[in-house]
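Below: structure_11.cif (mmCIF, C-alpha atoms and all ligand atoms)
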data_final
loop_
_atom_site.group_PDB
_atom_site.id
_atom_site.type_symbol
_atom_site.label_atom_id
_atom_site.label_comp_id
_atom_site.auth_asym_id
_atom_site.auth_seq_id
_atom_site.Cartn_x
_atom_site.Cartn_y
_atom_site.Cartn_z
ATOM 1 C CA MET C 178 29.884 48.184 -136.550
ATOM 2 C CA ILE C 179 26.132 47.530 -136.357
ATOM 3 C CA LYS C 180 25.154 44.139 -134.887
ATOM 4 C CA TYR C 181 21.883 42.936 -136.419
ATOM 5 C CA LYS C 182 19.759 40.748 -134.147
ATOM 6 C CA THR C 183 18.093 37.420 -134.910
ATOM 7 C CA PRO C 184 14.352 37.104 -134.172
ATOM 8 C CA GLU C 185 15.289 35.110 -131.023
ATOM 9 C CA GLU C 186 17.533 37.926 -129.835
ATOM 10 C CA VAL C 187 14.773 40.472 -130.518
ATOM 11 C CA GLU C 188 12.488 38.460 -128.218
ATOM 12 C CA LEU C 189 15.099 38.600 -125.436
ATOM 13 C CA LEU C 190 15.441 42.345 -125.968
ATOM 14 C CA ARG C 191 11.645 42.593 -125.720
ATOM 15 C CA LYS C 192 11.655 40.781 -122.354
ATOM 16 C CA SER C 193 14.243 43.165 -120.934
ATOM 17 C CA SER C 194 12.464 46.184 -122.411
ATOM 18 C CA LEU C 195 9.101 45.125 -120.958
ATOM 19 C CA LEU C 196 10.660 44.754 -117.526
ATOM 20 C CA VAL C 197 11.858 48.349 -117.887
ATOM 21 C CA SER C 198 8.286 49.333 -118.790
ATOM 22 C CA LYS C 199 6.870 47.480 -115.773
ATOM 23 C CA THR C 200 9.410 49.230 -113.556
ATOM 24 C CA LEU C 201 8.457 52.650 -114.942
ATOM 25 C CA ALA C 202 4.779 51.772 -114.303
ATOM 26 C CA THR C 203 5.715 51.033 -110.668
ATOM 27 C CA VAL C 204 7.290 54.493 -110.528
ATOM 28 C CA ALA C 205 4.147 55.973 -112.132
ATOM 29 C CA ALA C 206 2.001 54.468 -109.370
ATOM 30 C CA ALA C 207 4.228 55.862 -106.599
ATOM 31 C CA ILE C 208 5.268 59.292 -107.825
ATOM 32 C CA LYS C 209 3.588 62.162 -105.959
ATOM 33 C CA PRO C 210 4.441 65.363 -104.113
ATOM 34 C CA GLY C 211 6.567 64.678 -101.016
ATOM 35 C CA ILE C 212 8.165 61.426 -102.205
ATOM 36 C CA THR C 213 11.953 61.477 -102.539
ATOM 37 C CA THR C 214 13.557 60.550 -105.836
ATOM 38 C CA LEU C 215 15.791 58.123 -103.897
ATOM 39 C CA SER C 216 12.750 56.168 -102.724
ATOM 40 C CA LEU C 217 11.616 55.849 -106.368
ATOM 41 C CA ASP C 218 15.083 54.467 -107.158
ATOM 42 C CA GLN C 219 14.734 51.848 -104.417
ATOM 43 C CA LEU C 220 11.259 50.829 -105.658
ATOM 44 C CA ALA C 221 12.674 50.422 -109.148
ATOM 45 C CA GLU C 222 15.626 48.319 -108.054
ATOM 46 C CA THR C 223 13.338 45.986 -106.076
ATOM 47 C CA CYS C 224 10.971 45.630 -109.040
ATOM 48 C CA ILE C 225 13.802 44.767 -111.423
ATOM 49 C CA ARG C 226 15.461 42.237 -109.103
ATOM 50 C CA ASP C 227 12.124 40.624 -108.117
ATOM 51 C CA HIS C 228 11.550 39.895 -111.817
ATOM 52 C CA GLY C 229 14.967 38.367 -112.383
ATOM 53 C CA GLY C 230 16.703 41.349 -113.960
ATOM 54 C CA LYS C 231 19.625 43.562 -113.010
ATOM 55 C CA PRO C 232 19.590 47.366 -113.014
ATOM 56 C CA ALA C 233 21.593 48.170 -116.135
ATOM 57 C CA PHE C 234 22.717 51.643 -115.124
ATOM 58 C CA LYS C 235 23.985 50.767 -111.639
ATOM 59 C CA GLY C 236 27.759 50.634 -111.933
ATOM 60 C CA TYR C 237 27.710 51.591 -115.621
ATOM 61 C CA LYS C 238 30.803 53.819 -115.996
ATOM 62 C CA GLY C 239 30.449 54.333 -112.240
ATOM 63 C CA PHE C 240 26.827 55.549 -112.252
ATOM 64 C CA PRO C 241 25.653 54.809 -108.692
ATOM 65 C CA PHE C 242 21.875 54.272 -109.089
ATOM 66 C CA THR C 243 19.185 52.174 -110.785
ATOM 67 C CA LEU C 244 17.371 55.153 -112.302
ATOM 68 C CA CYS C 245 18.425 58.420 -113.830
ATOM 69 C CA ILE C 246 15.966 60.942 -112.360
ATOM 70 C CA SER C 247 16.068 64.409 -113.867
ATOM 71 C CA VAL C 248 13.692 67.030 -112.458
ATOM 72 C CA ASN C 249 12.577 70.195 -114.329
ATOM 73 C CA ALA C 250 15.696 71.865 -115.842
ATOM 74 C CA HIS C 251 17.703 68.656 -115.484
ATOM 75 C CA VAL C 252 17.681 67.004 -118.910
ATOM 76 C CA VAL C 253 19.091 63.511 -118.263
ATOM 77 C CA HIS C 254 21.486 61.512 -116.033
ATOM 78 C CA GLY C 255 20.284 63.076 -112.766
ATOM 79 C CA PHE C 256 21.048 61.338 -109.470
ATOM 80 C CA PRO C 257 18.213 60.095 -107.254
ATOM 81 C CA SER C 258 18.484 61.951 -103.938
ATOM 82 C CA GLN C 259 16.667 63.143 -100.832
ATOM 83 C CA TYR C 260 14.940 65.765 -103.000
ATOM 84 C CA GLU C 261 11.205 65.679 -102.315
ATOM 85 C CA ILE C 262 9.137 65.961 -105.469
ATOM 86 C CA ARG C 263 6.914 69.045 -105.512
ATOM 87 C CA ASP C 264 3.555 69.869 -107.009
ATOM 88 C CA GLY C 265 4.206 71.288 -110.490
ATOM 89 C CA ASP C 266 7.459 69.379 -111.106
ATOM 90 C CA ILE C 267 8.174 67.334 -114.197
ATOM 91 C CA VAL C 268 10.285 64.280 -113.471
ATOM 92 C CA SER C 269 12.162 62.427 -116.219
ATOM 93 C CA VAL C 270 12.834 58.822 -115.259
ATOM 94 C CA ASP C 271 15.211 56.748 -117.374
ATOM 95 C CA CYS C 272 15.565 53.028 -116.656
ATOM 96 C CA GLY C 273 17.660 50.183 -118.036
ATOM 97 C CA VAL C 274 17.537 46.440 -117.398
ATOM 98 C CA LEU C 275 19.929 43.604 -118.127
ATOM 99 C CA MET C 276 18.359 40.157 -118.297
ATOM 100 C CA ASN C 277 19.456 37.005 -120.167
ATOM 101 C CA ASN C 278 22.482 38.998 -121.393
ATOM 102 C CA TYR C 279 20.308 41.528 -123.256
ATOM 103 C CA TYR C 280 19.473 45.113 -122.362
ATOM 104 C CA GLY C 281 16.267 47.126 -122.391
ATOM 105 C CA ASP C 282 16.148 50.936 -122.147
ATOM 106 C CA SER C 283 13.187 53.305 -121.855
ATOM 107 C CA ALA C 284 12.319 56.671 -120.327
ATOM 108 C CA PHE C 285 9.219 58.672 -119.470
ATOM 109 C CA THR C 286 8.681 62.191 -118.129
ATOM 110 C CA PHE C 287 6.014 62.410 -115.427
ATOM 111 C CA PRO C 288 4.043 65.572 -114.639
ATOM 112 C CA VAL C 289 3.325 65.821 -110.903
ATOM 113 C CA GLY C 290 0.298 67.764 -109.689
ATOM 114 C CA LEU C 291 -0.551 71.015 -111.408
ATOM 115 C CA VAL C 292 2.003 71.583 -114.186
ATOM 116 C CA GLN C 293 2.062 74.784 -116.279
ATOM 117 C CA PRO C 294 0.180 74.380 -119.609
ATOM 118 C CA GLU C 295 3.291 75.248 -121.685
ATOM 119 C CA VAL C 296 5.238 72.556 -119.828
ATOM 120 C CA MET C 297 2.435 70.023 -120.383
ATOM 121 C CA GLN C 298 2.690 70.881 -124.068
ATOM 122 C CA LEU C 299 6.437 70.218 -123.918
ATOM 123 C CA LEU C 300 5.691 66.741 -122.534
ATOM 124 C CA SER C 301 3.085 65.888 -125.146
ATOM 125 C CA VAL C 302 5.169 67.228 -128.041
ATOM 126 C CA THR C 303 8.280 65.350 -126.858
ATOM 127 C CA LYS C 304 6.307 62.101 -126.625
ATOM 128 C CA GLN C 305 4.745 62.772 -130.040
ATOM 129 C CA SER C 306 8.176 63.454 -131.524
ATOM 130 C CA LEU C 307 9.332 60.017 -130.325
ATOM 131 C CA TYR C 308 6.431 58.399 -132.185
ATOM 132 C CA LYS C 309 7.034 60.600 -135.260
ATOM 133 C CA GLY C 310 10.549 59.167 -135.298
ATOM 134 C CA ILE C 311 9.319 55.606 -134.774
ATOM 135 C CA GLU C 312 6.982 55.992 -137.806
ATOM 136 C CA LYS C 313 10.133 56.368 -139.923
ATOM 137 C CA VAL C 314 11.660 53.121 -138.616
ATOM 138 C CA VAL C 315 11.045 51.113 -141.786
ATOM 139 C CA SER C 316 13.261 48.603 -143.506
ATOM 140 C CA GLY C 317 15.056 50.324 -146.395
ATOM 141 C CA GLY C 318 14.801 53.778 -144.833
ATOM 142 C CA ARG C 319 17.654 55.789 -143.378
ATOM 143 C CA LEU C 320 18.404 56.745 -139.812
ATOM 144 C CA GLY C 321 18.347 60.406 -140.862
ATOM 145 C CA ASP C 322 14.631 59.996 -141.670
ATOM 146 C CA VAL C 323 14.015 59.182 -138.003
ATOM 147 C CA SER C 324 16.201 62.043 -136.768
ATOM 148 C CA GLU C 325 14.612 64.607 -139.072
ATOM 149 C CA ALA C 326 11.056 63.607 -138.121
ATOM 150 C CA ILE C 327 11.844 64.115 -134.422
ATOM 151 C CA GLN C 328 13.576 67.452 -135.001
ATOM 152 C CA ASN C 329 10.876 68.832 -137.308
ATOM 153 C CA HIS C 330 8.068 68.018 -134.922
ATOM 154 C CA ALA C 331 9.769 69.480 -131.840
ATOM 155 C CA GLU C 332 11.057 72.603 -133.600
ATOM 156 C CA SER C 333 7.673 73.318 -135.193
ATOM 157 C CA PHE C 334 6.518 74.149 -131.635
ATOM 158 C CA GLY C 335 9.569 76.347 -131.024
ATOM 159 C CA PHE C 336 11.234 73.880 -128.652
ATOM 160 C CA GLY C 337 15.002 73.239 -128.459
ATOM 161 C CA VAL C 338 16.321 69.842 -129.575
ATOM 162 C CA VAL C 339 19.301 68.688 -127.494
ATOM 163 C CA ARG C 340 22.223 67.722 -129.740
ATOM 164 C CA GLU C 341 24.957 66.711 -127.325
ATOM 165 C CA LEU C 342 23.191 63.488 -126.322
ATOM 166 C CA VAL C 343 21.748 60.905 -128.691
ATOM 167 C CA GLY C 344 19.977 57.542 -128.859
ATOM 168 C CA HIS C 345 21.861 54.365 -129.662
ATOM 169 C CA GLY C 346 21.874 50.792 -130.847
ATOM 170 C CA ILE C 347 21.195 48.274 -128.073
ATOM 171 C CA GLY C 348 21.721 44.540 -127.619
ATOM 172 C CA LYS C 349 24.276 42.671 -125.527
ATOM 173 C CA ASN C 350 25.646 46.146 -124.836
ATOM 174 C CA LEU C 351 23.670 49.056 -123.409
ATOM 175 C CA HIS C 352 25.139 51.369 -126.020
ATOM 176 C CA GLU C 353 26.002 50.040 -129.476
ATOM 177 C CA ALA C 354 26.345 51.500 -132.947
ATOM 178 C CA PRO C 355 24.698 53.372 -134.500
ATOM 179 C CA GLU C 356 24.222 56.690 -132.737
ATOM 180 C CA VAL C 357 20.636 57.929 -133.107
ATOM 181 C CA PRO C 358 20.597 61.748 -133.121
ATOM 182 C CA ASN C 359 17.367 63.664 -132.602
ATOM 183 C CA PHE C 360 18.283 66.046 -135.404
ATOM 184 C CA GLY C 361 19.409 65.381 -138.961
ATOM 185 C CA ARG C 362 18.582 65.146 -142.620
ATOM 186 C CA LYS C 363 16.164 62.810 -144.357
ATOM 187 C CA GLY C 364 17.939 60.288 -146.600
ATOM 188 C CA SER C 365 21.222 60.500 -144.662
ATOM 189 C CA GLY C 366 22.890 58.110 -142.246
ATOM 190 C CA PRO C 367 22.957 54.309 -141.984
ATOM 191 C CA LYS C 368 20.352 52.240 -143.782
ATOM 192 C CA LEU C 369 17.619 50.680 -141.639
ATOM 193 C CA SER C 370 17.394 46.902 -142.037
ATOM 194 C CA ASP C 371 15.504 44.150 -140.226
ATOM 195 C CA GLY C 372 17.225 43.146 -137.008
ATOM 196 C CA LEU C 373 18.550 46.609 -136.202
ATOM 197 C CA VAL C 374 17.483 47.484 -132.653
ATOM 198 C CA ILE C 375 17.791 51.077 -131.470
ATOM 199 C CA ALA C 376 16.850 53.168 -128.463
ATOM 200 C CA ILE C 377 15.239 56.373 -129.715
ATOM 201 C CA GLU C 378 15.206 59.084 -127.065
ATOM 202 C CA PRO C 379 14.345 62.689 -127.854
ATOM 203 C CA MET C 380 15.471 65.185 -125.194
ATOM 204 C CA ILE C 381 13.545 68.391 -125.848
ATOM 205 C CA ASN C 382 13.872 71.748 -124.072
ATOM 206 C CA LEU C 383 11.160 74.332 -123.501
ATOM 207 C CA GLY C 384 13.716 77.045 -124.254
ATOM 208 C CA ARG C 385 17.136 76.982 -125.886
ATOM 209 C CA ARG C 386 18.642 73.685 -126.996
ATOM 210 C CA ASN C 387 21.941 74.241 -125.160
ATOM 211 C CA VAL C 388 22.906 72.146 -122.155
ATOM 212 C CA LYS C 389 25.685 71.989 -119.552
ATOM 213 C CA GLN C 390 27.051 69.332 -117.226
ATOM 214 C CA GLU C 391 26.680 69.783 -113.474
ATOM 215 C CA ARG C 392 29.591 69.364 -111.047
ATOM 216 C CA ASP C 393 28.545 65.828 -110.063
ATOM 217 C CA GLY C 394 29.986 64.814 -113.437
ATOM 218 C CA TRP C 395 26.682 63.277 -114.591
ATOM 219 C CA THR C 396 23.641 65.541 -114.449
ATOM 220 C CA ILE C 397 22.920 67.422 -117.677
ATOM 221 C CA SER C 398 20.915 70.656 -117.311
ATOM 222 C CA THR C 399 19.489 73.248 -119.653
ATOM 223 C CA ILE C 400 21.655 76.330 -119.911
ATOM 224 C CA ASP C 401 18.681 78.704 -119.559
ATOM 225 C CA GLY C 402 17.172 76.899 -116.546
ATOM 226 C CA LYS C 403 13.941 76.068 -118.411
ATOM 227 C CA PRO C 404 12.399 72.582 -118.200
ATOM 228 C CA SER C 405 13.319 69.646 -120.414
ATOM 229 C CA ALA C 406 11.499 66.409 -121.294
ATOM 230 C CA HIS C 407 12.762 62.943 -122.271
ATOM 231 C CA PHE C 408 10.902 59.946 -123.688
ATOM 232 C CA GLU C 409 12.572 56.763 -124.921
ATOM 233 C CA HIS C 410 11.579 53.460 -126.506
ATOM 234 C CA THR C 411 13.663 50.463 -127.542
ATOM 235 C CA VAL C 412 12.575 49.686 -131.110
ATOM 236 C CA ALA C 413 13.372 46.938 -133.663
ATOM 237 C CA VAL C 414 13.327 47.464 -137.421
ATOM 238 C CA LYS C 415 10.835 44.997 -138.876
ATOM 239 C CA GLY C 416 9.546 45.455 -142.421
ATOM 240 C CA ASP C 417 7.362 48.489 -142.969
ATOM 241 C CA LYS C 418 6.310 48.956 -139.327
ATOM 242 C CA ALA C 419 8.577 49.284 -136.296
ATOM 243 C CA ASP C 420 8.336 46.698 -133.544
ATOM 244 C CA ILE C 421 8.309 48.772 -130.329
ATOM 245 C CA LEU C 422 9.861 46.479 -127.700
ATOM 246 C CA SER C 423 9.191 48.678 -124.660
ATOM 247 C CA SER C 424 5.670 49.937 -123.898
ATOM 248 C CA PHE C 425 4.046 52.961 -122.275
ATOM 249 C CA ALA C 426 0.664 51.159 -121.943
ATOM 250 C CA GLU C 427 1.000 50.202 -118.268
ATOM 251 C CA ILE C 428 2.534 53.587 -117.349
ATOM 252 C CA GLU C 429 -0.252 55.477 -119.078
ATOM 253 C CA SER C 430 -2.996 53.391 -117.499
ATOM 254 C CA GLU C 431 -1.455 54.134 -114.071
ATOM 255 C CA LEU C 432 -1.420 57.856 -114.912
ATOM 256 C CA LEU C 433 -4.995 57.715 -116.184
ATOM 257 C CA LYS C 434 -6.094 56.405 -112.765
ATOM 258 C CA GLN C 435 -4.659 59.673 -111.385
ATOM 259 C CA GLY C 436 -6.508 61.685 -114.033
ATOM 260 C CA ILE C 437 -3.322 62.409 -116.006
ATOM 261 C CA GLU C 438 -3.468 62.098 -119.771
ATOM 262 C CA PHE C 439 -1.346 63.829 -122.382
HETATM 263 MG MG MG H 501 17.505 55.366 -121.315
HETATM 264 MG MG MG H 502 19.145 55.113 -123.979
#
As a first step, turn the structure in this file into structure tokens.
Ligand code: MG
Ligand code: MG
Amino acid sequence: MIKYKTPEEVELLRKSSLLVSKTLATVAAAIKPGITTLSLDQLAETCIRDHGGKPAFKGYKGFPFTLCISVNAHVVHGFPSQYEIRDGDIVSVDCGVLMNNYYGDSAFTFPVGLVQPEVMQLLSVTKQSLYKGIEKVVSGGRLGDVSEAIQNHAESFGFGVVRELVGHGIGKNLHEAPEVPNFGRKGSGPKLSDGLVIAIEPMINLGRRNVKQERDGWTISTIDGKPSAHFEHTVAVKGDKADILSSFAEIESELLKQGIEF
């Protein structure tokens, strides 16, 4: 059952989502070759707690960390570790916050150092596909409009759209109805109405769309070993233009300082 949010609830979801965005901007400022993914996790946890939030993923179904950090062929749900980030890596960082009983959820894939041009294109197309989906978040539309827009954009570049994992409704629960697939048919699925809040999160592979689960029981990897990208916003349906509750502005201005723009 879909739980529609009041305008007051949407504002609480915005606060949590913006703390996620601030946390990802902190990661953006710190990420560089030689840093361990575990130290990024610790930075993120400190940032969230200092601002009065709780890491939403820590303890969720037993997940042991604040961030999901998925490097290169890891798609999502990777564990922070002693792995030292290398020049040329792409690093997907997914973060969730619980504050005032409401969740926020957002993800960004960071290129580190000199990344192959085809992989940079994967990042830009995945981010674009998120915004193509968000353009279809209009009251009276259908969820399938969002899904199809994401799929069409990514596949038009020959990339693989992951199907096993999907976006989701979000509110007092991290994952609520409806599921938000990154593939589908225009005009299908639940109707979009004001007060629906969803996390839209395309996971797009450079190669084949197929994925597997690693032995840690969490990490999802591409089956062909090629890189994968992940971008996510928490978004509210509001009339004819989506209200994006999370923001990449601070992340992107941090990256711009490092000469990274895509
Ligand atoms: Mg997420
Ligand atoms: Mg999510």
Which residues come within 9 Å of Lys231 of chain C, counting all atoms listed in the file, excluding same-chain residues fewer than 2 positions away, as number ranges by chain?
C: 222, 225-226, 228-229, 233-235, 243, 273-276
Written as an mmCIF file with C-alpha atoms, in the coordinates of the input, which residues does the PyMOL selection byres (((not hetatm)) within 10 of (chain H and resi 501)) give for the file shown?
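Result saved to selection.cif:
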data_model
loop_
_atom_site.group_PDB
_atom_site.id
_atom_site.type_symbol
_atom_site.label_atom_id
_atom_site.label_comp_id
_atom_site.auth_asym_id
_atom_site.auth_seq_id
_atom_site.Cartn_x
_atom_site.Cartn_y
_atom_site.Cartn_z
ATOM 1 C CA VAL C 197 11.858 48.349 -117.887
ATOM 2 C CA ALA C 233 21.593 48.170 -116.135
ATOM 3 C CA PHE C 234 22.717 51.643 -115.124
ATOM 4 C CA LEU C 244 17.371 55.153 -112.302
ATOM 5 C CA CYS C 245 18.425 58.420 -113.830
ATOM 6 C CA VAL C 253 19.091 63.511 -118.263
ATOM 7 C CA HIS C 254 21.486 61.512 -116.033
ATOM 8 C CA VAL C 270 12.834 58.822 -115.259
ATOM 9 C CA ASP C 271 15.211 56.748 -117.374
ATOM 10 C CA CYS C 272 15.565 53.028 -116.656
ATOM 11 C CA GLY C 273 17.660 50.183 -118.036
ATOM 12 C CA VAL C 274 17.537 46.440 -117.398
ATOM 13 C CA GLY C 281 16.267 47.126 -122.391
ATOM 14 C CA ASP C 282 16.148 50.936 -122.147
ATOM 15 C CA SER C 283 13.187 53.305 -121.855
ATOM 16 C CA ALA C 284 12.319 56.671 -120.327
ATOM 17 C CA PHE C 285 9.219 58.672 -119.470
ATOM 18 C CA GLY C 344 19.977 57.542 -128.859
ATOM 19 C CA HIS C 345 21.861 54.365 -129.662
ATOM 20 C CA LEU C 351 23.670 49.056 -123.409
ATOM 21 C CA HIS C 352 25.139 51.369 -126.020
ATOM 22 C CA ALA C 376 16.850 53.168 -128.463
ATOM 23 C CA ILE C 377 15.239 56.373 -129.715
ATOM 24 C CA GLU C 378 15.206 59.084 -127.065
ATOM 25 C CA HIS C 407 12.762 62.943 -122.271
ATOM 26 C CA PHE C 408 10.902 59.946 -123.688
ATOM 27 C CA GLU C 409 12.572 56.763 -124.921
ATOM 28 C CA HIS C 410 11.579 53.460 -126.506
ATOM 29 C CA THR C 411 13.663 50.463 -127.542
#
Pull the closest atom pair for each residue of segment 240-331 of chain C that gets at most 9 Å from segment 380-388 of chain C, along with the distance in Å to one decimal, counting only C-alpha atoms, ordering rows by chain and then ascending residue number, as a tab-separated table.
residue	atom	partner	partner_atom	distance
C:Ala250	CA	C:Asn382	CA	8.4
C:Val252	CA	C:Met380	CA	6.9
C:Val253	CA	C:Met380	CA	8.0
C:Glu295	CA	C:Leu383	CA	8.1
C:Val296	CA	C:Leu383	CA	7.2
C:Leu299	CA	C:Leu383	CA	6.3
C:Leu300	CA	C:Ile381	CA	8.7
C:Val302	CA	C:Ile381	CA	8.7
C:Thr303	CA	C:Ile381	CA	6.2
C:Ala331	CA	C:Ile381	CA	7.2
Evaluate the PyMOL selection byres (((chain C and resi 288-292) around 6) and not hetatm) against this structure - the residues, as a PyMOL selection string, please.
chain C and resi 264-267+287+293
Can you pull out the residues contacting Ser216 of chain C? Cut-off 12 Å, using only C-alpha atoms, and skip same-chain residues under 2 positions away; I want them as a list in words.
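Selected residues are Thr203, Val204, Ala207, Ile208, Lys209, Gly211, Ile212, Thr213, Thr214, Asp218, Gln219, Leu220, Ala221, Glu222, Thr223, Phe242, Thr243, Leu244, Ile246, Phe256, Pro257, Ser258, Gln259, Tyr260, Glu261 and Ile262 of chain C.
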Counting all atoms listed in the file, the residue of C:Pro367, C:Pro232, C:Pro379, C:Gly310 that sits nearest ligand MG 502 (chain H)
C:Pro379
As an exercise, work out the distance from atom CA of Ser306 of chain C to atom CA of Ser398 of chain C in Å and give it to one decimal place.
20.4 Å
What is the distance between atom CA of Val414 of chain C and atom CA of Lys313 of chain C, in Å to one decimal?
9.8 Å
In Å, with one decimal, what is the gap from atom CA of Gln298 of chain C to atom CA of Ile397 of chain C?
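We find that atom CA of Gln298 of chain C and atom CA of Ile397 of chain C lie 21.5 Å from each other.
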If you count all atoms listed in the file, the residue of C:Gly255, C:Gly366, C:Pro294, C:Gly346 closest to ligand MG 502 (chain H) turns out to be C:Gly346
Translate the PyMOL selection byres (((chain C and resi 359) around 7) and not hetatm) into a concrete residue list for this structure, as an MDAnalysis selection string.
chainID C and resid 324 327:328 338 340 343 357:358 360:361 379
Which residues come within 9 Å of Leu369 of chain C, counting all atoms listed in the file, excluding same-chain residues fewer than 2 positions away, as a PyMOL selection string?
chain C and resi 314-320+367+371-373+414
Store the residues picked out above, limited to C-alpha atoms, as a PDB file, keeping the file's coordinate frame.
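As a result, selection-v7.pdb now contains:
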ATOM      1  CA  VAL C 314      11.660  53.121-138.616  1.00  0.00           C
ATOM      2  CA  VAL C 315      11.045  51.113-141.786  1.00  0.00           C
ATOM      3  CA  SER C 316      13.261  48.603-143.506  1.00  0.00           C
ATOM      4  CA  GLY C 317      15.056  50.324-146.395  1.00  0.00           C
ATOM      5  CA  GLY C 318      14.801  53.778-144.833  1.00  0.00           C
ATOM      6  CA  ARG C 319      17.654  55.789-143.378  1.00  0.00           C
ATOM      7  CA  LEU C 320      18.404  56.745-139.812  1.00  0.00           C
ATOM      8  CA  PRO C 367      22.957  54.309-141.984  1.00  0.00           C
ATOM      9  CA  ASP C 371      15.504  44.150-140.226  1.00  0.00           C
ATOM     10  CA  GLY C 372      17.225  43.146-137.008  1.00  0.00           C
ATOM     11  CA  LEU C 373      18.550  46.609-136.202  1.00  0.00           C
ATOM     12  CA  VAL C 414      13.327  47.464-137.421  1.00  0.00           C
TER      13      VAL C 414
END
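When only C-alpha atoms and all ligand atoms are used to compute distances to ligand MG 502 (chain H), the closest of the residues C:Ile347, C:Ala354, C:Ile437, C:Leu217 turns out to be C:Ile347.
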